[in-house]
Structure formats: structure tokens, C-alpha cells
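Below is final_33.cif, which holds mmCIF, C-alpha atoms.
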data_my_file
loop_
_atom_site.label_atom_id
_atom_site.label_comp_id
_atom_site.auth_asym_id
_atom_site.auth_seq_id
_atom_site.Cartn_x
_atom_site.Cartn_y
_atom_site.Cartn_z
CA MET A 1 -32.55 7.03 -4.96
CA ASN A 2 -32.07 3.77 -6.91
CA GLY A 3 -30.46 5.66 -9.76
CA TYR A 4 -27.66 6.83 -7.47
CA PHE A 5 -26.95 3.35 -6.13
CA ASP A 6 -27.21 1.71 -9.55
CA GLU A 7 -24.60 4.12 -10.84
CA LEU A 8 -22.43 3.58 -7.76
CA ALA A 9 -22.60 -0.20 -8.26
CA VAL A 10 -21.46 0.15 -11.87
CA LEU A 11 -18.59 2.45 -10.90
CA LEU A 12 -17.42 0.16 -8.09
CA ARG A 13 -17.47 -2.89 -10.37
CA GLU A 14 -15.51 -0.97 -12.98
CA ARG A 15 -12.92 -0.23 -10.33
CA GLY A 16 -12.41 -3.91 -9.66
CA VAL A 17 -14.44 -4.29 -6.46
CA PRO A 18 -15.72 -7.92 -6.25
CA ALA A 19 -19.43 -8.31 -7.07
CA GLU A 20 -20.30 -9.65 -3.61
CA ARG A 21 -18.64 -6.71 -1.95
CA VAL A 22 -20.44 -4.27 -4.27
CA ALA A 23 -23.82 -5.81 -3.39
CA SER A 24 -23.27 -5.67 0.37
CA THR A 25 -21.89 -2.13 0.12
CA ILE A 26 -24.94 -0.94 -1.80
CA GLU A 27 -27.30 -2.57 0.69
CA GLU A 28 -25.45 -1.06 3.65
CA LEU A 29 -25.32 2.43 2.09
CA SER A 30 -29.00 2.35 1.05
CA ALA A 31 -29.93 1.55 4.65
CA PHE A 32 -27.71 4.39 5.86
CA ALA A 33 -29.36 6.85 3.46
CA GLU A 34 -32.85 5.69 4.42
CA GLU A 35 -32.16 6.19 8.11
CA GLY A 36 -30.58 9.57 7.39
CA SER A 37 -31.82 12.28 5.09
CA GLY A 38 -33.17 9.85 2.48
CA ASP A 39 -31.22 11.57 -0.28
CA PRO A 40 -28.06 9.65 -1.22
CA GLU A 41 -26.52 12.58 -3.06
CA GLU A 42 -26.95 14.73 0.04
CA GLU A 43 -25.58 11.95 2.28
CA PHE A 44 -22.61 10.74 0.18
CA GLY A 45 -21.93 13.57 -2.28
CA PRO A 46 -21.56 13.25 -6.08
CA VAL A 47 -21.55 9.58 -7.07
CA ALA A 48 -18.30 9.56 -9.08
CA ALA A 49 -16.32 11.25 -6.31
CA PHE A 50 -17.77 8.87 -3.70
CA ALA A 51 -16.93 5.79 -5.79
CA GLU A 52 -13.37 7.10 -6.10
CA GLN A 53 -13.14 7.39 -2.31
CA LEU A 54 -14.55 3.91 -1.69
CA ALA A 55 -12.34 2.21 -4.27
CA PRO A 56 -9.42 4.52 -4.97
CA ASP A 57 -8.17 4.03 -8.52
CA GLY A 58 -9.29 0.42 -8.75
CA TRP A 59 -6.58 -0.78 -6.36
CA GLU A 60 -7.48 -3.53 -3.95
CA PRO A 61 -5.82 -4.37 -0.64
CA CYS A 62 -3.27 -7.17 -0.75
CA GLY A 63 -1.67 -7.01 2.66
CA THR A 64 -0.47 -4.90 5.55
CA TRP A 65 2.86 -4.39 7.23
CA PHE A 66 2.60 -2.49 10.53
CA GLN A 67 0.62 0.62 9.65
CA TYR A 68 1.31 0.34 5.90
CA ALA A 69 -1.34 -1.11 3.66
CA TYR A 70 -0.33 -2.58 0.31
CA PHE A 71 -2.54 -2.56 -2.76
CA LYS A 72 -2.49 -4.34 -6.08
CA ARG A 73 -4.19 -3.97 -9.40
CA PRO A 74 -6.99 -6.50 -9.59
CA GLY A 75 -6.58 -7.03 -13.37
CA ALA A 76 -3.51 -9.29 -13.14
CA ALA A 77 -5.32 -11.65 -10.78
CA SER A 78 -8.67 -11.69 -12.56
CA VAL A 79 -7.41 -12.17 -16.16
CA GLY A 80 -6.10 -15.62 -15.17
CA PRO A 81 -5.51 -18.21 -17.96
CA ALA A 82 -6.73 -15.71 -20.57
CA ALA A 83 -3.43 -13.89 -20.06
CA GLU A 84 -1.55 -16.78 -21.77
CA LEU A 85 0.26 -15.75 -24.96
CA HIS A 86 -0.84 -17.63 -28.10
CA ALA A 87 2.34 -16.96 -30.06
CA PRO A 88 5.16 -16.49 -27.55
CA PRO A 89 8.44 -15.25 -29.08
CA PRO A 90 11.17 -17.99 -29.37
CA ALA A 91 13.70 -18.23 -26.57
CA PRO A 92 16.98 -16.52 -27.54
CA GLU A 93 19.95 -18.81 -28.32
CA ARG A 94 22.40 -16.81 -26.28
CA ARG A 95 22.09 -16.45 -22.52
CA THR A 96 24.01 -13.22 -22.21
CA PHE A 97 24.00 -10.03 -24.23
CA PHE A 98 26.97 -7.75 -23.64
CA SER A 99 27.24 -4.30 -25.16
CA ARG A 100 30.09 -3.14 -27.43
CA ARG A 101 31.27 -0.90 -24.63
CA PHE A 102 31.60 -3.95 -22.38
CA TYR A 103 33.81 -5.77 -24.97
CA LEU A 104 35.91 -2.59 -25.31
CA LEU A 105 36.33 -2.54 -21.53
CA VAL A 106 37.36 -6.22 -21.46
CA ALA A 107 39.87 -5.60 -24.32
CA ALA A 108 41.31 -2.60 -22.45
CA VAL A 109 41.66 -4.57 -19.18
CA VAL A 110 43.33 -7.53 -20.97
CA ALA A 111 45.74 -5.15 -22.78
CA LEU A 112 46.63 -3.50 -19.48
CA CYS A 113 47.26 -6.90 -17.84
CA VAL A 114 49.49 -8.03 -20.72
CA LEU A 115 51.36 -4.72 -20.60
CA ALA A 116 51.84 -5.04 -16.83
CA VAL A 117 53.18 -8.62 -17.13
CA VAL A 118 55.55 -7.64 -19.95
CA LEU A 119 56.87 -4.60 -18.07
CA ILE A 120 57.34 -6.55 -14.83
CA GLY A 121 59.04 -9.38 -16.76
CA ILE A 122 61.45 -6.95 -18.42
CA SER A 123 62.31 -5.28 -15.12
CA LEU A 124 62.88 -8.67 -13.43
CA VAL A 125 65.18 -9.88 -16.25
CA LYS A 126 67.09 -6.58 -16.36
CA GLY A 127 67.47 -6.44 -12.59
CA GLY A 128 68.74 -10.03 -12.48
CA VAL A 129 66.28 -10.96 -9.75
CA ASP A 130 64.94 -14.49 -9.30
CA GLY A 131 61.30 -14.13 -10.36
CA THR A 132 60.07 -17.58 -9.28
CA GLY A 133 58.13 -16.25 -6.28
CA PHE A 134 56.47 -13.57 -8.37
CA VAL A 135 55.48 -16.02 -11.11
CA ILE A 136 54.01 -18.50 -8.58
CA GLY A 137 52.09 -15.69 -6.85
CA ALA A 138 50.74 -14.38 -10.16
CA ALA A 139 49.71 -17.90 -11.21
CA VAL A 140 47.88 -18.52 -7.90
CA GLY A 141 46.13 -15.15 -8.20
CA ALA A 142 45.06 -15.81 -11.79
CA ALA A 143 43.87 -19.32 -10.87
CA GLY A 144 41.81 -17.84 -7.99
CA VAL A 145 40.10 -15.39 -10.33
CA LEU A 146 39.41 -18.15 -12.89
CA VAL A 147 37.93 -20.47 -10.22
CA ALA A 148 35.69 -17.64 -8.91
CA PHE A 149 34.56 -16.88 -12.48
CA TRP A 150 33.89 -20.57 -13.19
CA LEU A 151 31.86 -20.96 -9.97
CA THR A 152 29.77 -17.86 -10.82
CA VAL A 153 29.05 -19.08 -14.33
CA ARG A 154 28.14 -22.56 -13.04
CA ARG A 155 25.75 -21.09 -10.45
CA GLN A 156 24.06 -18.87 -13.04
CA THR A 157 23.60 -21.60 -15.63
CA ARG A 158 21.87 -23.96 -13.17
CA MET B 159 -15.15 29.65 7.65
CA SER B 160 -15.84 28.21 11.11
CA SER B 161 -17.57 25.14 9.62
CA ASP B 162 -14.59 24.63 7.28
CA ARG B 163 -12.27 24.74 10.25
CA ARG B 164 -14.40 22.28 12.15
CA ALA B 165 -14.46 19.96 9.15
CA SER B 166 -10.66 19.95 8.97
CA TRP B 167 -10.35 19.26 12.71
CA LEU B 168 -12.69 16.32 12.26
CA LYS B 169 -10.79 15.06 9.23
CA GLY B 170 -7.62 14.73 11.27
CA VAL B 171 -9.21 12.74 14.06
CA LEU B 172 -12.26 10.94 12.65
CA ASP B 173 -10.46 7.59 12.29
CA LEU B 174 -9.52 7.72 15.98
CA LEU B 175 -13.09 8.68 16.94
CA VAL B 176 -14.44 5.72 14.98
CA LEU B 177 -11.93 3.35 16.60
CA ALA B 178 -12.79 4.77 20.05
CA SER B 179 -16.53 4.36 19.43
CA LEU B 180 -15.95 0.66 18.63
CA THR B 181 -14.23 -0.08 21.97
CA GLU B 182 -17.69 -0.68 23.47
CA GLY B 183 -18.41 -3.39 20.93
CA GLU B 184 -19.23 -3.95 17.27
CA ASN B 185 -21.47 -1.50 15.47
CA TYR B 186 -22.63 -0.49 12.00
CA GLY B 187 -22.18 2.73 10.04
CA TYR B 188 -25.36 4.58 10.88
CA GLU B 189 -25.10 3.85 14.61
CA ILE B 190 -21.44 4.92 14.66
CA ALA B 191 -22.40 8.24 13.03
CA LYS B 192 -25.26 8.63 15.51
CA SER B 193 -23.10 7.97 18.54
CA LEU B 194 -20.52 10.50 17.35
CA ALA B 195 -23.26 13.08 16.69
CA GLY B 196 -24.54 12.36 20.22
CA SER B 197 -21.12 13.32 21.59
CA GLY B 198 -21.53 16.80 20.14
CA LEU B 199 -19.41 16.28 17.02
CA GLY B 200 -22.28 17.19 14.73
CA GLN B 201 -23.78 15.07 11.99
CA ILE B 202 -21.20 13.03 10.12
CA LYS B 203 -22.25 12.33 6.56
CA GLY B 204 -21.99 8.89 5.03
CA GLY B 205 -19.71 10.36 2.39
CA THR B 206 -17.21 11.19 5.14
CA LEU B 207 -17.68 8.14 7.34
CA TYR B 208 -17.56 5.25 4.85
CA PRO B 209 -14.23 6.09 3.20
CA VAL B 210 -12.74 6.18 6.73
CA LEU B 211 -14.35 2.83 7.63
CA ASN B 212 -13.01 1.38 4.37
CA ARG B 213 -9.50 2.58 5.08
CA LEU B 214 -9.60 1.21 8.62
CA GLU B 215 -10.79 -2.14 7.29
CA GLU B 216 -8.10 -2.22 4.60
CA GLY B 217 -5.47 -1.40 7.20
CA GLY B 218 -6.66 -4.27 9.40
CA LEU B 219 -7.63 -1.89 12.23
CA VAL B 220 -11.26 -2.99 12.14
CA SER B 221 -12.80 -6.17 10.81
CA ALA B 222 -16.15 -6.07 9.06
CA GLU B 223 -18.86 -8.66 8.68
CA PHE B 224 -21.94 -8.25 6.54
CA ARG B 225 -25.00 -9.75 8.14
CA VAL B 226 -28.43 -10.05 6.61
CA THR B 227 -31.28 -9.81 9.07
CA GLU B 228 -34.76 -11.26 8.62
CA ARG B 229 -36.32 -7.90 9.20
CA GLY B 230 -34.70 -4.80 7.80
CA PRO B 231 -31.69 -4.39 5.52
CA GLY B 232 -28.32 -6.16 5.73
CA ARG B 233 -25.66 -4.32 7.67
CA ARG B 234 -21.91 -4.36 7.74
CA TYR B 235 -20.84 -4.69 11.36
CA TYR B 236 -17.46 -3.28 12.27
CA ARG B 237 -15.37 -4.62 15.11
CA LEU B 238 -12.10 -3.32 16.57
CA THR B 239 -9.12 -5.63 15.95
CA PRO B 240 -6.17 -5.95 18.40
CA LYS B 241 -4.14 -3.95 15.89
CA GLY B 242 -6.83 -1.23 15.89
CA ARG B 243 -6.81 -1.16 19.67
CA GLU B 244 -3.03 -0.73 19.66
CA MET B 245 -3.23 2.05 17.07
CA LEU B 246 -5.99 3.80 19.04
CA ALA B 247 -3.89 3.75 22.24
CA GLU B 248 -0.81 5.06 20.45
CA GLN B 249 -2.36 7.68 18.18
CA GLY B 250 -5.02 8.67 20.73
CA GLY B 251 -2.25 9.41 23.22
CA LEU B 252 -0.51 11.61 20.66
CA TRP B 253 -3.75 13.51 20.00
CA VAL B 254 -4.28 14.12 23.73
CA ALA B 255 -0.72 15.48 24.04
CA PHE B 256 -1.39 17.73 21.00
CA ASP B 257 -4.64 18.92 22.58
CA GLU B 258 -2.81 19.76 25.81
CA SER B 259 -0.22 21.82 23.91
CA VAL B 260 -2.97 23.71 22.06
CA ARG B 261 -4.77 24.39 25.33
CA SER B 262 -1.66 25.67 27.05
CA VAL B 263 -0.89 28.07 24.19
CA LEU B 264 -4.50 29.28 24.06
CA ALA B 265 -4.46 29.74 27.85
CA LYS B 266 -1.50 32.09 27.47
CA GLY B 267 -3.70 34.07 25.07
CA GLY B 268 -6.41 34.27 27.71
CA ILE B 269 -8.64 31.55 26.21
CA ARG B 270 -9.90 29.07 28.79
#
What would you get if you wrote out this structure as C-alpha cells?
Amino acid sequence: MNGYFDELAVLLRERGVPAERVASTIEELSAFAEEGSGDPEEEFGPVAAFAEQLAPDGWEPCGTWFQYAYFKRPGAASVGPAAELHAPPPAPERRTFFSRRFYLLVAAVVALCVLAVVLIGISLVKGGVDGTGFVIGAAVGAAGVLVAFWLTVRRQTR
Amino acid sequence: MSSDRRASWLKGVLDLLVLASLTEGENYGYEIAKSLAGSGLGQIKGGTLYPVLNRLEEGGLVSAEFRVTERGPGRRYYRLTPKGREMLAEQGGLWVAFDESVRSVLAKGGIR
């Protein structure tokens, strides 16, 4: 009888169940077996399978939301200060890392913009139209984009 | 075959039976099993009952308190929480509706 519960205690501890909880569980289950058939294997089934049912996969409860229960791995919490890195890698100098494809995209967009401005400029000059309104509008639009970009960068670097 | 079938029926409803048995007040594992056996549900093994109790506790449907007595072993006493009571009312109602549907179909087949 003790062999079964000793093994169960070891398995539960291995699965991250706190020692106090393991002790009270063993005491409770021993009493249950004594009042019942007296044979723990008969009462609870094979010890490994029972440990798995009591502490599924070493997960422990960390909260509930309506009928959903959330679980976490106990390791992250129990390792504590020992999890500190002794030789952390240096912080990178650059804040952003864009891919080559991103630079290609930026180059393509800039080329298209330049092309559009040139074509519109040519058509305005050829058509003899006063382009002041268009130029002011384009300048306001470009300034808006630049301000939005500047604000985003400032927010991210804080 | 018939005991397998009975075991699967029980599996689907054991959590509700445990919650219902705790409406009269707190109780510990062995007494819960005994009271369910007394209702004609047959003997419920610890290997079936405790995983259910654990799940109910983890879900906040019952609260458990381990108490050591001067005489006899320590026991974990389970008590229904307001959330458990709510769940029992809701899910118990669904089970009763299911039971009524089963009965009405069986009655058409001449089983009463």
C-alpha cells in the first residue's frame, strides 16, 4: 500500500505539484483507500495513469474565465533568479532590421512617386494650366505623411 | 457491454452529480462516493472521483480545504462555490431536458 503512494508522491512532485499539496493528497487518498477496498491499485488504477489524471502534463491552474480554466507550466515560476543569464548577448546597435525586399519595395514606391510627379508636371506645362493649386495640395499631402511618420517614430523610440 | 455503457453515462454526468451532492453541505471524497453509491449509481472508484474533484476545484466550481483531525486521517473537504451552484443549475437543467428527450424517444419504442 505504501509503495503505491510513495510512487504517486514522486510522480506528482515531478509534475510540478507543490510539496504541501502532494502531502495532503496522499493523506486524503490513503484514507479513501483504507475505507474502501484497502488496495490502492484496485481503487485508483495504475499509478502512472492516475498521476497523469491528477496532474495532467505538469500544468498547474493559473486562473479561470467563465467556464474556462487556464494553466501554466510551473517551471517558469519556480526557476526564479536562477533563470538569470550569466553572459547575456550585447544589445544590437540598430533598432530596426529591414529585409532587402523591404528596401526594394521602398525604392520601387519612391521611383513610382517621382515618375508620377514628373508626368503630372509635364502634362501641366504642356497643357498650359496654372499648377499652383496642385503643387500646394501635393506639398500639404507630403507634409501630412511626413508628420505622421515622424510622430510614429517618436512614439516608438520612447 | 452494459457496464461499459453505464460507465460512459456516468462519465458524462459525474461532475454534476458531485456538485449536486455538495448542495447539502461540505463533504470529503469517500463520503461523496458513498452518498452517490447510496443513490443507486454503484460504487464510484477513487480513480474516477478524484480527477473529477480536481477539475472542479481547478475550475473554481468547488473550493477545497484540507483539515487534519486529532483522531483519524486528514481530509480534504469540498464545498460548492457560487460559481459551482450556477453551473449546476445551468448544466443540470440541460441534462434534465436531454433525459426527457431520451425518455420520449424510448417511449415511442415501447420502453417505459
Do you know which residues the PyMOL selection byres ((chain A) within 6 of (chain B)) returns on this file, as a ChimeraX atom specification? /A:28,32,43-44,53-54,69
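Our summary of the geometry notes that atom CA of A:Arg21 is positioned 17.3 Å from atom CA of A:Val47.
Atom CA of B:Gly183 to atom CA of B:Leu238 spans 7.7 Å [interatomic distance, one decimal].
Nearest to A:Ala33 of all the residues A:Tyr103, A:Phe5, A:Ala51, A:Val135 is A:Phe5, based on all atoms listed in the file.
Selection check: the PyMOL selection byres ((chain B and resi 167-175) around 8) on the shown file gives B:Arg163, B:Arg164, B:Ala165, B:Ser166, B:Val176, B:Leu177, B:Ala178, B:Ser179, B:Leu194, B:Val210, B:Leu211, B:Leu214, B:Leu246, B:Gln249, B:Gly250.
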